[in-house]
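> Have a peek at coords-v8.cif (mmCIF, C-alpha atoms).
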data_work
#
loop_
_atom_site.label_atom_id
_atom_site.label_comp_id
_atom_site.auth_asym_id
_atom_site.auth_seq_id
_atom_site.Cartn_x
_atom_site.Cartn_y
_atom_site.Cartn_z
CA MET O 25 -18.12 50.87 143.93
CA PRO O 26 -18.64 50.46 140.14
CA ASN O 27 -17.74 53.39 137.88
CA ILE O 28 -19.03 53.26 134.31
CA VAL O 29 -18.31 56.03 131.81
CA PHE O 30 -19.95 56.82 128.47
CA LYS O 31 -18.94 59.27 125.76
CA LEU O 32 -22.25 60.15 124.12
CA PRO O 33 -23.58 62.54 121.46
CA GLU O 34 -25.58 65.59 122.50
CA GLU O 35 -28.90 63.94 121.63
CA SER O 36 -28.22 61.09 124.06
CA LEU O 37 -27.08 63.47 126.77
CA LEU O 38 -30.36 65.38 126.50
CA GLN O 39 -32.25 62.09 126.75
CA ILE O 40 -30.37 61.19 129.94
CA ILE O 41 -31.02 64.60 131.47
CA THR O 42 -34.72 64.36 130.65
CA HIS O 43 -34.97 60.79 131.93
CA TYR O 44 -33.44 61.60 135.34
CA LYS O 45 -34.86 65.12 135.70
CA SER O 46 -37.06 64.12 138.65
CA ASN O 47 -33.93 62.94 140.50
CA GLU O 48 -31.86 66.03 139.75
CA ALA O 49 -29.37 67.08 142.43
CA PRO O 50 -27.58 70.42 142.88
CA ILE O 51 -24.53 70.98 140.67
CA LYS O 52 -21.44 71.69 142.76
CA ALA O 53 -18.77 72.18 140.10
CA PRO O 54 -18.49 74.22 136.87
CA TYR O 55 -17.36 71.17 134.85
CA VAL O 56 -20.57 69.27 135.72
CA ARG O 57 -23.60 69.84 133.52
CA PHE O 58 -26.16 67.67 135.33
CA THR O 59 -26.31 65.36 138.36
CA ALA O 60 -29.02 62.94 139.41
CA LYS O 61 -29.14 60.86 142.59
CA LEU O 62 -31.05 57.59 142.82
CA PRO O 63 -31.23 55.44 145.98
CA ASP O 64 -28.38 53.26 144.71
CA ALA O 65 -26.74 55.26 141.92
CA VAL O 66 -25.41 58.70 140.97
CA ILE O 67 -25.46 59.85 137.35
CA THR O 68 -23.18 62.74 136.38
CA VAL O 69 -23.13 64.43 132.98
CA TYR O 70 -19.93 66.43 132.41
CA THR O 71 -19.50 69.43 130.12
CA SER O 72 -16.98 67.36 128.13
CA GLY O 73 -19.78 65.05 126.97
CA LYS O 74 -18.92 62.16 129.24
CA THR O 75 -21.48 60.61 131.57
CA MET O 76 -20.49 58.64 134.66
CA PHE O 77 -22.63 56.11 136.53
CA GLN O 78 -21.59 55.28 140.09
CA GLY O 79 -22.93 53.09 142.88
CA ASN O 80 -24.38 49.64 143.30
CA GLY O 81 -27.00 50.39 140.66
CA ALA O 82 -24.52 51.79 138.13
CA GLU O 83 -24.54 48.79 135.83
CA ARG O 84 -28.35 48.67 135.75
CA GLU O 85 -28.66 52.35 134.86
CA ALA O 86 -25.76 52.37 132.41
CA ALA O 87 -27.27 49.42 130.52
CA LYS O 88 -30.12 51.71 129.47
CA TRP O 89 -27.82 53.93 127.45
CA GLY O 90 -25.45 51.73 125.46
CA GLN O 91 -21.79 50.71 125.45
CA ALA O 92 -19.40 52.10 128.04
CA GLU O 93 -16.05 53.48 127.04
CA ASN O 94 -13.19 51.06 127.37
CA PHE O 95 -10.37 52.48 129.49
CA PRO O 96 -7.60 49.84 129.39
CA GLU O 97 -4.84 49.91 131.96
CA LYS O 98 -1.83 51.79 130.61
CA THR O 99 1.26 49.77 129.86
CA ILE O 100 4.14 51.78 131.25
CA SER O 101 7.72 50.61 131.73
CA THR O 102 8.39 51.21 135.42
CA LYS O 103 10.58 50.06 138.29
CA GLY O 104 9.20 49.32 141.72
CA ASP O 105 6.37 47.36 143.27
CA GLN O 106 3.93 45.28 141.29
CA LEU O 107 0.59 47.06 141.37
CA PRO O 108 -2.69 45.14 141.72
CA ALA O 109 -5.06 44.74 138.78
CA GLY O 110 -7.34 47.70 138.20
CA PHE O 111 -5.08 49.93 140.30
CA ALA O 112 -5.80 53.07 138.23
CA LYS O 113 -9.45 53.01 139.36
CA LYS O 114 -8.82 52.40 143.08
CA SER O 115 -8.91 54.92 145.95
CA VAL O 116 -5.27 55.96 146.24
CA LEU O 117 -3.20 58.49 148.17
CA GLY O 118 -0.29 59.56 145.96
CA SER O 119 2.77 61.73 146.55
CA ASP O 120 5.38 63.41 144.38
CA GLU O 121 7.98 66.17 144.55
CA THR O 122 9.56 68.87 142.40
CA GLY O 123 12.35 71.43 142.59
CA THR O 124 15.10 68.95 143.42
CA GLY O 125 17.18 69.79 140.34
CA ASP O 126 16.62 73.54 140.39
CA PHE O 127 19.39 75.77 141.71
CA PHE O 128 16.93 78.49 142.69
CA GLY O 129 13.84 77.73 144.75
CA PRO O 130 12.60 75.16 147.26
CA ILE O 131 12.00 71.45 147.16
CA THR O 132 8.24 70.98 147.29
CA VAL O 133 6.36 67.76 148.04
CA ALA O 134 2.63 67.18 147.79
CA ALA O 135 0.32 64.29 148.67
CA CYS O 136 -3.19 63.99 147.29
CA PHE O 137 -6.02 61.50 147.86
CA VAL O 138 -8.27 60.62 144.92
CA PRO O 139 -11.07 58.18 145.84
CA ALA O 140 -12.31 55.74 143.22
CA GLU O 141 -15.52 57.67 142.67
CA LYS O 142 -13.53 60.82 141.80
CA VAL O 143 -10.93 59.35 139.44
CA GLU O 144 -13.01 60.42 136.45
CA LEU O 145 -13.48 63.87 138.00
CA ALA O 146 -9.70 64.32 138.13
CA HIS O 147 -9.52 63.61 134.41
CA GLU O 148 -12.40 66.02 133.78
CA LEU O 149 -10.42 68.71 135.58
CA GLY O 150 -7.61 68.20 133.08
CA VAL O 151 -5.15 66.09 135.07
CA LYS O 152 -2.44 64.33 133.10
CA ASP O 153 1.18 63.47 133.75
CA SER O 154 2.60 66.89 134.70
CA LYS O 155 5.48 66.35 132.26
CA LEU O 156 2.88 66.70 129.50
CA LEU O 157 1.50 69.98 130.88
CA THR O 158 2.80 73.53 130.77
CA ASP O 159 3.41 75.55 133.92
CA ASP O 160 0.66 77.98 132.93
CA TYR O 161 -1.85 75.15 132.47
CA MET O 162 -0.95 73.66 135.85
CA ARG O 163 -1.40 77.06 137.52
CA LYS O 164 -4.87 77.19 135.97
CA ILE O 165 -6.12 73.79 137.17
CA ALA O 166 -4.36 73.55 140.55
CA PRO O 167 -7.00 75.59 142.46
CA ASP O 168 -9.73 73.20 141.29
CA LEU O 169 -7.64 70.18 142.32
CA LYS O 170 -7.01 71.62 145.78
CA GLU O 171 -10.72 72.31 146.15
CA ALA O 172 -11.79 68.86 144.97
CA PHE O 173 -9.29 66.58 146.74
CA VAL O 174 -7.81 66.17 150.21
CA HIS O 175 -4.16 67.16 149.93
CA SER O 176 -1.08 68.50 151.68
CA VAL O 177 1.82 70.45 150.20
CA LEU O 178 5.14 71.23 151.87
CA ALA O 179 7.93 73.54 150.70
CA LEU O 180 11.43 73.37 152.16
CA LYS O 181 12.81 76.86 151.62
CA ASN O 182 16.43 77.38 150.73
CA ASP O 183 17.75 78.63 154.06
CA LYS O 184 16.43 75.51 155.81
CA TYR O 185 17.59 73.29 152.94
CA ASN O 186 21.14 74.66 153.14
CA THR O 187 21.19 74.23 156.92
CA VAL O 188 20.25 70.54 156.88
CA GLN O 189 22.36 69.83 153.80
CA SER O 190 25.41 71.24 155.57
CA LYS O 191 24.75 68.74 158.36
CA GLY O 192 25.12 65.89 155.91
CA TRP O 193 21.52 65.31 154.89
CA SER O 194 21.21 64.02 151.34
CA GLN O 195 18.43 65.06 149.00
CA GLY O 196 17.09 61.51 149.36
CA LYS O 197 16.73 61.94 153.11
CA ILE O 198 15.15 65.36 152.73
CA LYS O 199 12.63 64.09 150.20
CA ALA O 200 11.77 61.01 152.27
CA LEU O 201 11.05 63.14 155.35
CA LEU O 202 8.86 65.52 153.33
CA HIS O 203 6.93 62.69 151.66
CA ASN O 204 6.29 61.00 155.00
CA GLN O 205 5.11 64.28 156.53
CA ALA O 206 2.78 65.13 153.63
CA LEU O 207 1.27 61.64 153.67
CA LYS O 208 0.68 61.88 157.43
CA HIS O 209 -1.11 65.19 156.99
CA VAL O 210 -3.51 63.78 154.39
CA LEU O 211 -4.19 60.59 156.36
CA LYS O 212 -5.05 62.72 159.38
CA LYS O 213 -7.40 64.92 157.34
CA MET O 214 -9.27 61.93 155.85
CA ALA O 215 -9.44 59.81 159.03
CA PRO O 216 -11.14 57.51 159.85
CA ASN O 217 -11.27 56.68 156.12
CA LYS O 218 -8.22 54.98 154.64
CA PRO O 219 -7.01 54.66 151.05
CA ASP O 220 -6.88 51.32 149.27
CA ALA O 221 -3.17 52.04 148.77
CA ILE O 222 -0.51 54.73 149.01
CA LEU O 223 1.67 55.26 145.95
CA ILE O 224 4.96 57.15 146.19
CA ASP O 225 6.73 58.25 143.03
CA GLN O 226 9.90 56.27 143.64
CA PHE O 227 13.15 58.16 144.07
CA ALA O 228 14.82 55.53 146.29
CA GLU O 229 14.50 51.83 147.00
CA ARG O 230 12.03 50.94 149.75
CA SER O 231 14.77 49.96 152.22
CA ILE O 232 16.70 53.18 151.63
CA TYR O 233 13.55 55.32 151.91
CA TYR O 234 12.62 53.83 155.28
CA ASN O 235 16.20 54.03 156.53
CA HIS O 236 16.10 57.78 155.85
CA ILE O 237 13.06 58.22 158.14
CA LYS O 238 13.79 55.52 160.73
CA ASN O 239 14.07 58.07 163.55
CA GLU O 240 10.67 59.65 162.88
CA GLN O 241 7.95 59.05 165.48
CA ASP O 242 5.16 58.35 162.99
CA ILE O 243 6.14 56.48 159.85
CA VAL O 244 3.59 55.79 157.13
CA GLN O 245 4.02 52.12 156.10
CA GLU O 246 0.58 50.53 155.71
CA ASN O 247 -0.25 49.65 152.09
CA VAL O 248 2.61 51.78 150.74
CA LEU O 249 3.75 51.06 147.20
CA PHE O 250 6.70 52.54 145.31
CA SER O 251 7.00 52.94 141.55
CA THR O 252 8.84 55.09 139.06
CA LYS O 253 6.68 57.03 136.57
CA ALA O 254 3.87 56.84 139.13
CA GLU O 255 2.10 59.86 137.60
CA GLY O 256 1.00 57.58 134.78
CA LEU O 257 -0.14 54.78 137.09
CA HIS O 258 -2.68 56.63 139.22
CA VAL O 259 -4.17 60.09 138.86
CA SER O 260 -3.56 60.83 142.56
CA VAL O 261 0.19 61.07 141.92
CA ALA O 262 -0.42 63.26 138.87
CA CYS O 263 -2.59 65.55 141.05
CA ALA O 264 0.14 65.65 143.72
CA SER O 265 2.76 66.48 141.10
CA ILE O 266 0.71 69.39 139.76
CA ILE O 267 -0.02 70.77 143.24
CA ALA O 268 3.67 70.50 144.17
CA ARG O 269 4.78 72.16 140.93
CA VAL O 270 2.45 75.12 141.36
CA ALA O 271 3.62 75.60 144.96
CA PHE O 272 7.19 75.66 143.63
CA LEU O 273 6.26 78.19 140.93
CA GLU O 274 4.50 80.44 143.43
CA GLU O 275 7.55 80.46 145.69
CA MET O 276 9.75 81.25 142.69
CA ASP O 277 7.43 84.18 141.89
CA ARG O 278 7.79 85.48 145.45
CA MET O 279 11.56 85.10 145.41
CA SER O 280 11.87 86.76 142.00
CA LYS O 281 9.88 89.76 143.23
CA GLU O 282 12.09 90.00 146.32
CA ALA O 283 15.28 89.70 144.26
CA GLY O 284 14.10 92.23 141.71
CA ALA O 285 14.80 89.86 138.81
CA THR O 286 13.22 86.76 137.31
CA LEU O 287 14.92 83.70 138.75
CA PRO O 288 15.27 81.03 136.05
CA LYS O 289 14.40 77.39 136.62
CA GLY O 290 16.79 74.47 136.20
CA ALA O 291 20.54 74.45 136.61
CA GLY O 292 21.93 75.50 133.21
CA LYS O 293 23.99 78.42 131.93
CA ILE O 294 21.12 80.90 132.20
CA VAL O 295 21.00 80.09 135.92
CA ASP O 296 24.75 80.73 136.27
CA GLU O 297 24.32 84.11 134.59
CA ALA O 298 21.43 85.10 136.87
CA ALA O 299 23.33 83.98 139.97
CA ALA O 300 26.43 85.93 138.92
CA LYS O 301 24.36 89.12 138.63
CA ILE O 302 22.94 88.56 142.12
CA LEU O 303 26.45 87.97 143.49
CA LEU O 304 27.68 91.25 142.03
CA LYS O 305 24.67 93.16 143.30
CA ARG O 306 23.88 91.54 146.67
CA GLY O 307 26.77 89.22 147.59
CA PRO O 308 27.07 85.48 148.43
CA ASP O 309 25.08 85.58 151.67
CA TYR O 310 22.01 86.81 149.85
CA LEU O 311 22.49 84.34 146.98
CA LYS O 312 22.52 81.53 149.53
CA THR O 313 19.01 82.43 150.71
CA LEU O 314 17.71 81.83 147.18
CA THR O 315 19.59 78.70 146.15
CA LYS O 316 20.71 75.17 146.87
CA PHE O 317 24.13 76.54 147.61
CA HIS O 318 26.08 73.28 147.31
CA PHE O 319 25.18 72.92 143.61
CA ALA O 320 28.03 73.39 141.12
CA ASN O 321 26.22 76.51 139.87
CA THR O 322 27.59 78.44 142.86
CA LYS O 323 31.22 78.08 141.76
CA LYS O 324 30.34 78.80 138.12
CA ALA O 325 28.49 81.95 139.16
CA MET O 326 31.39 83.06 141.35
CA ASP O 327 33.84 82.56 138.46
CA LEU O 328 31.61 84.62 136.18
CA ALA O 329 31.28 87.36 138.80
CA ASN O 330 35.04 87.49 139.35
CA LYS O 331 35.71 87.84 135.61
CA ARG O 332 33.30 90.75 135.43
CA ARG O 333 34.90 92.46 138.42
CA GLY O 334 38.32 91.87 136.97
#
Could you show the structure in this file as structure tokens?

Amino acid sequence: MPNIVFKLPEESLLQIITHYKSNEAPIKAPYVRFTAKLPDAVITVYTSGKTMFQGNGAEREAAKWGQAENFPEKTISTKGDQLPAGFAKKSVLGSDETGTGDFFGPITVAACFVPAEKVELAHELGVKDSKLLTDDYMRKIAPDLKEAFVHSVLALKNDKYNTVQSKGWSQGKIKALLHNQALKHVLKKMAPNKPDAILIDQFAERSIYYNHIKNEQDIVQENVLFSTKAEGLHVSVACASIIARVAFLEEMDRMSKEAGATLPKGAGKIVDEAAAKILLKRGPDYLKTLTKFHFANTKKAMDLANKRRG
């Protein structure tokens, strides 16, 4: 389905609204200023000043209003599968994870489906590569993303993480299982519709990823692509990354409240200091419920705690 986008001055936007007033449709989102539905086209005017034409009649209607914006494919240095031309505008189910390098808090994985006709909507909602966004900004837009797009988010809390890690599970295996599960959930929710492709933000080679999940009953394999820096290749992965990050932050909030102290992110010296205080106050068993206990931070925190006792 064609998607044509204009960035127009206010005068032109008013002309469009007047022209299609007899075909006006209800507005269902705060970032939409006006919507009109024709038999073969939908015209949406956004509060940002952009206008999108969709449907088989999109080119005909768009031709009445001038030159469409040119959105070239981004050139990003990546590793992984070769993506088809025009991939950024296709209907894609993307997945990503966060929390893997943080001593405190869970690993969270999210999958999100963005159909072609809603790619522009995702941008209107403020979606970018999550590495370019602050945590506060992601907290602000995540509710809109979850409302607008079919998604699934999973959080592996620390007690469960430590249990499976002690059995020899690597982070790669844990992440692969969570990605596969999240993708299955979204595919089930959107059935019988299927995405044009599935894009996983690559953390392991294809063969290694599928070896990790070879004993699962249902393995998602159809039209699956892997690429590093996938957040910049399709907005679905960027949406998934934001949803996963906010789920991680919300769990960190809950854990901090329970612990009676703000638990820092990452795995640096500030984390060692916070962990040492928890050890002195609550002991190692409690610290284990909050952390990825096999990280080197545990020993560093114990050394700090022992010095302070000493």
> Distance CA of Glu171 in chain O-CA of Ile51 in chain O, one decimal place?
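So the answer is 14.9 Å.
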> So how many Å separate CA of Arg269 in chain O and CA of Thr158 in chain O, to one decimal?
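So the two atoms, CA of Arg269 in chain O and CA of Thr158 in chain O, lie 10.4 Å apart.
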> Kindly resolve the PyMOL selection byres ((chain O and resi 45) around 12) on the present coordinates and return the residues as a PyMOL selection string.
chain O and resi 37-44+46-50+58-62+67-68
> Residues picked by the PyMOL selection byres ((chain O and resi 135-143) around 6) here, as a ChimeraX atom specification?
/O:113-119,134,144-146,174-176,206-207,260,264
> With only C-alpha atoms as the basis for distance, which of O:Gly192, O:Pro216, O:Gly110, O:Gly150 is at the shortest distance from His258 in chain O?
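Checking each candidate against His258 in chain O, we get O:Gly110 as the closest.
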> Work out how far CA of Met326 in chain O is from CA of Gln195 in chain O, in Å to one decimal.
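Answer for the CA of Gln195 in chain O to CA of Met326 in chain O separation: 23.5 Å.
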> Taking into account all atoms listed in the file, which residue in the set O:Arg278, O:His203, O:Lys191, O:Lys31 is nearest to Ile237 in chain O?
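Distance minimum relative to Ile237 in chain O lands on O:His203.
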> Step by step, gather every atom of range 278-285 of chain O that the file lists, find the box along x, y and z that holds them, add 8 Å on each side, and finally give centre and edge lengths in Å to one decimal, as AutoDock Vina command-line options.

--center_x 11.5 --center_y 88.7 --center_z 142.6 --size_x 23.5 --size_y 23.1 --size_z 23.5
> Expand the PyMOL selection byres ((chain O and resi 70-86) around 8) into the explicit residue set it covers here, and present it as a CSV table (one decimal) with C-alpha atoms, in the frame of the given file.

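The resulting file, selection26.csv, is shown below:
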chain,number,residue,atom,x,y,z
O,25,MET,CA,-18.1,50.9,143.9
O,26,PRO,CA,-18.6,50.5,140.1
O,27,ASN,CA,-17.7,53.4,137.9
O,28,ILE,CA,-19.0,53.3,134.3
O,29,VAL,CA,-18.3,56.0,131.8
O,30,PHE,CA,-20.0,56.8,128.5
O,31,LYS,CA,-18.9,59.3,125.8
O,32,LEU,CA,-22.2,60.2,124.1
O,33,PRO,CA,-23.6,62.5,121.5
O,34,GLU,CA,-25.6,65.6,122.5
O,37,LEU,CA,-27.1,63.5,126.8
O,55,TYR,CA,-17.4,71.2,134.8
O,56,VAL,CA,-20.6,69.3,135.7
O,57,ARG,CA,-23.6,69.8,133.5
O,58,PHE,CA,-26.2,67.7,135.3
O,64,ASP,CA,-28.4,53.3,144.7
O,65,ALA,CA,-26.7,55.3,141.9
O,66,VAL,CA,-25.4,58.7,141.0
O,67,ILE,CA,-25.5,59.8,137.4
O,68,THR,CA,-23.2,62.7,136.4
O,69,VAL,CA,-23.1,64.4,133.0
O,87,ALA,CA,-27.3,49.4,130.5
O,88,LYS,CA,-30.1,51.7,129.5
O,89,TRP,CA,-27.8,53.9,127.4
O,90,GLY,CA,-25.4,51.7,125.5
O,92,ALA,CA,-19.4,52.1,128.0
O,141,GLU,CA,-15.5,57.7,142.7
O,144,GLU,CA,-13.0,60.4,136.4
O,148,GLU,CA,-12.4,66.0,133.8
> Report as a tab-separated table: every residue of range 239-298 of chain O with an atom at most 6 Å from range 219-229 of chain O, its closest pair of atoms, and their distance in Å to one decimal, counting all atoms listed in the file, with rows sorted by chain and ascending residue number.

residue	atom	partner	partner_atom	distance
O:Asn247	CA	O:Ala221	CA	5.0
O:Val248	CA	O:Ile222	CA	4.6
O:Leu249	CA	O:Leu223	CA	4.9
O:Phe250	CA	O:Ile224	CA	5.0
O:Ser251	CA	O:Gln226	CA	4.9
O:Thr252	CA	O:Gln226	CA	4.8
O:Ala254	CA	O:Asp225	CA	5.0
> Tell me which of O:Ala53, O:Asn182, O:Gln205, O:Glu35 sits closest to Phe127 in chain O, counting all atoms listed in the file.
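So, comparing all the options, the nearest one is O:Asn182.
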> Write out as a VMD selection string the residues lying within 12 Å of range 281-297 of chain O, counting all atoms listed in the file and excluding same-chain residues fewer than 2 positions away.
chain O and resid 122 to 130 159 269 272 to 279 299 to 307 310 to 311 313 to 317 319 to 329 332
> Within 6 Å of (8.8, 69.1, 147.2) in the file's own coordinates, which protein, DNA or RNA residues have an atom, counting all atoms listed in the file? List them as a list in words.
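Residues with an atom close enough to that point: Glu121, Thr122, Ile131, Thr132, Val133 and Ala179 of chain O.
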> Of the candidates O:Ala109, O:Leu149, O:Ala215, O:Asp120, which one gets nearest to Lys199 in chain O if we count all atoms listed in the file?
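Looking only at the distances to Lys199 in chain O, the closest residue turns out to be O:Asp120.
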> Measuring atom to atom with only C-alpha atoms, identify which of O:His318, O:Lys170, O:Lys197, O:Lys331 is nearest to Asp183 in chain O.
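Comparing O:His318, O:Lys170, O:Lys197, O:Lys331 against Asp183 in chain O, the winner is O:His318.
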> Could you tell me which of O:Ile232, O:Ser280, O:Leu257, O:Val177 comes closest to Pro108 in chain O if we count only C-alpha atoms?
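Using only C-alpha atoms, Pro108 in chain O sits closest to O:Leu257.
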> Please reconstruct the missing atoms of range 59-68 of chain O (target: all heavy atoms) and return them as an mmCIF file, in the coordinates of the input.

data_model
loop_
_atom_site.group_PDB
_atom_site.id
_atom_site.type_symbol
_atom_site.label_atom_id
_atom_site.label_comp_id
_atom_site.auth_asym_id
_atom_site.auth_seq_id
_atom_site.Cartn_x
_atom_site.Cartn_y
_atom_site.Cartn_z
ATOM 1 N N THR O 59 -26.495 66.460 137.417
ATOM 2 C CA THR O 59 -26.310 65.360 138.360
ATOM 3 C C THR O 59 -27.679 64.860 138.819
ATOM 4 O O THR O 59 -28.570 65.665 139.117
ATOM 5 C CB THR O 59 -25.505 65.802 139.598
ATOM 6 O OG1 THR O 59 -24.219 66.250 139.184
ATOM 7 C CG2 THR O 59 -25.321 64.644 140.574
ATOM 8 N N ALA O 60 -27.802 63.555 138.877
ATOM 9 C CA ALA O 60 -29.020 62.940 139.410
ATOM 10 C C ALA O 60 -28.629 61.899 140.451
ATOM 11 O O ALA O 60 -27.643 61.175 140.281
ATOM 12 C CB ALA O 60 -29.818 62.270 138.297
ATOM 13 N N LYS O 61 -29.405 61.838 141.531
ATOM 14 C CA LYS O 61 -29.140 60.860 142.590
ATOM 15 C C LYS O 61 -30.326 59.938 142.758
ATOM 16 O O LYS O 61 -31.445 60.380 143.054
ATOM 17 C CB LYS O 61 -28.834 61.579 143.914
ATOM 18 C CG LYS O 61 -27.494 62.302 143.906
ATOM 19 C CD LYS O 61 -27.137 62.831 145.287
ATOM 20 C CE LYS O 61 -25.760 63.484 145.272
ATOM 21 N NZ LYS O 61 -25.377 63.995 146.620
ATOM 22 N N LEU O 62 -30.062 58.634 142.564
ATOM 23 C CA LEU O 62 -31.050 57.590 142.820
ATOM 24 C C LEU O 62 -30.695 56.937 144.147
ATOM 25 O O LEU O 62 -29.615 57.180 144.701
ATOM 26 C CB LEU O 62 -31.015 56.553 141.692
ATOM 27 C CG LEU O 62 -31.182 57.080 140.254
ATOM 28 C CD1 LEU O 62 -31.172 55.926 139.274
ATOM 29 C CD2 LEU O 62 -32.444 57.898 140.126
ATOM 30 N N PRO O 63 -31.555 56.103 144.707
ATOM 31 C CA PRO O 63 -31.230 55.440 145.980
ATOM 32 C C PRO O 63 -29.922 54.654 145.940
ATOM 33 O O PRO O 63 -29.234 54.559 146.955
ATOM 34 C CB PRO O 63 -32.433 54.522 146.198
ATOM 35 C CG PRO O 63 -33.567 55.210 145.505
ATOM 36 C CD PRO O 63 -32.949 55.827 144.280
ATOM 37 N N ASP O 64 -29.585 54.083 144.789
ATOM 38 C CA ASP O 64 -28.380 53.260 144.710
ATOM 39 C C ASP O 64 -27.448 53.657 143.573
ATOM 40 O O ASP O 64 -26.568 52.881 143.170
ATOM 41 C CB ASP O 64 -28.745 51.779 144.574
ATOM 42 C CG ASP O 64 -29.547 51.497 143.308
ATOM 43 O OD1 ASP O 64 -29.947 52.470 142.630
ATOM 44 O OD2 ASP O 64 -29.768 50.312 142.988
ATOM 45 N N ALA O 65 -27.600 54.848 143.033
ATOM 46 C CA ALA O 65 -26.740 55.260 141.920
ATOM 47 C C ALA O 65 -26.697 56.781 141.801
ATOM 48 O O ALA O 65 -27.650 57.468 142.160
ATOM 49 C CB ALA O 65 -27.219 54.650 140.600
ATOM 50 N N VAL O 66 -25.569 57.275 141.288
ATOM 51 C CA VAL O 66 -25.410 58.700 140.970
ATOM 52 C C VAL O 66 -25.031 58.799 139.505
ATOM 53 O O VAL O 66 -24.125 58.099 139.034
ATOM 54 C CB VAL O 66 -24.319 59.355 141.839
ATOM 55 C CG1 VAL O 66 -24.110 60.810 141.420
ATOM 56 C CG2 VAL O 66 -24.679 59.279 143.311
ATOM 57 N N ILE O 67 -25.735 59.642 138.770
ATOM 58 C CA ILE O 67 -25.460 59.850 137.350
ATOM 59 C C ILE O 67 -24.966 61.271 137.172
ATOM 60 O O ILE O 67 -25.637 62.232 137.570
ATOM 61 C CB ILE O 67 -26.726 59.610 136.487
ATOM 62 C CG1 ILE O 67 -27.207 58.160 136.624
ATOM 63 C CG2 ILE O 67 -26.432 59.922 135.030
ATOM 64 C CD1 ILE O 67 -28.211 57.940 137.711
ATOM 65 N N THR O 68 -23.781 61.423 136.579
ATOM 66 C CA THR O 68 -23.180 62.740 136.380
ATOM 67 C C THR O 68 -22.886 62.961 134.915
ATOM 68 O O THR O 68 -22.178 62.164 134.292
ATOM 69 C CB THR O 68 -21.877 62.891 137.190
ATOM 70 O OG1 THR O 68 -22.130 62.593 138.569
ATOM 71 C CG2 THR O 68 -21.323 64.300 137.076
#
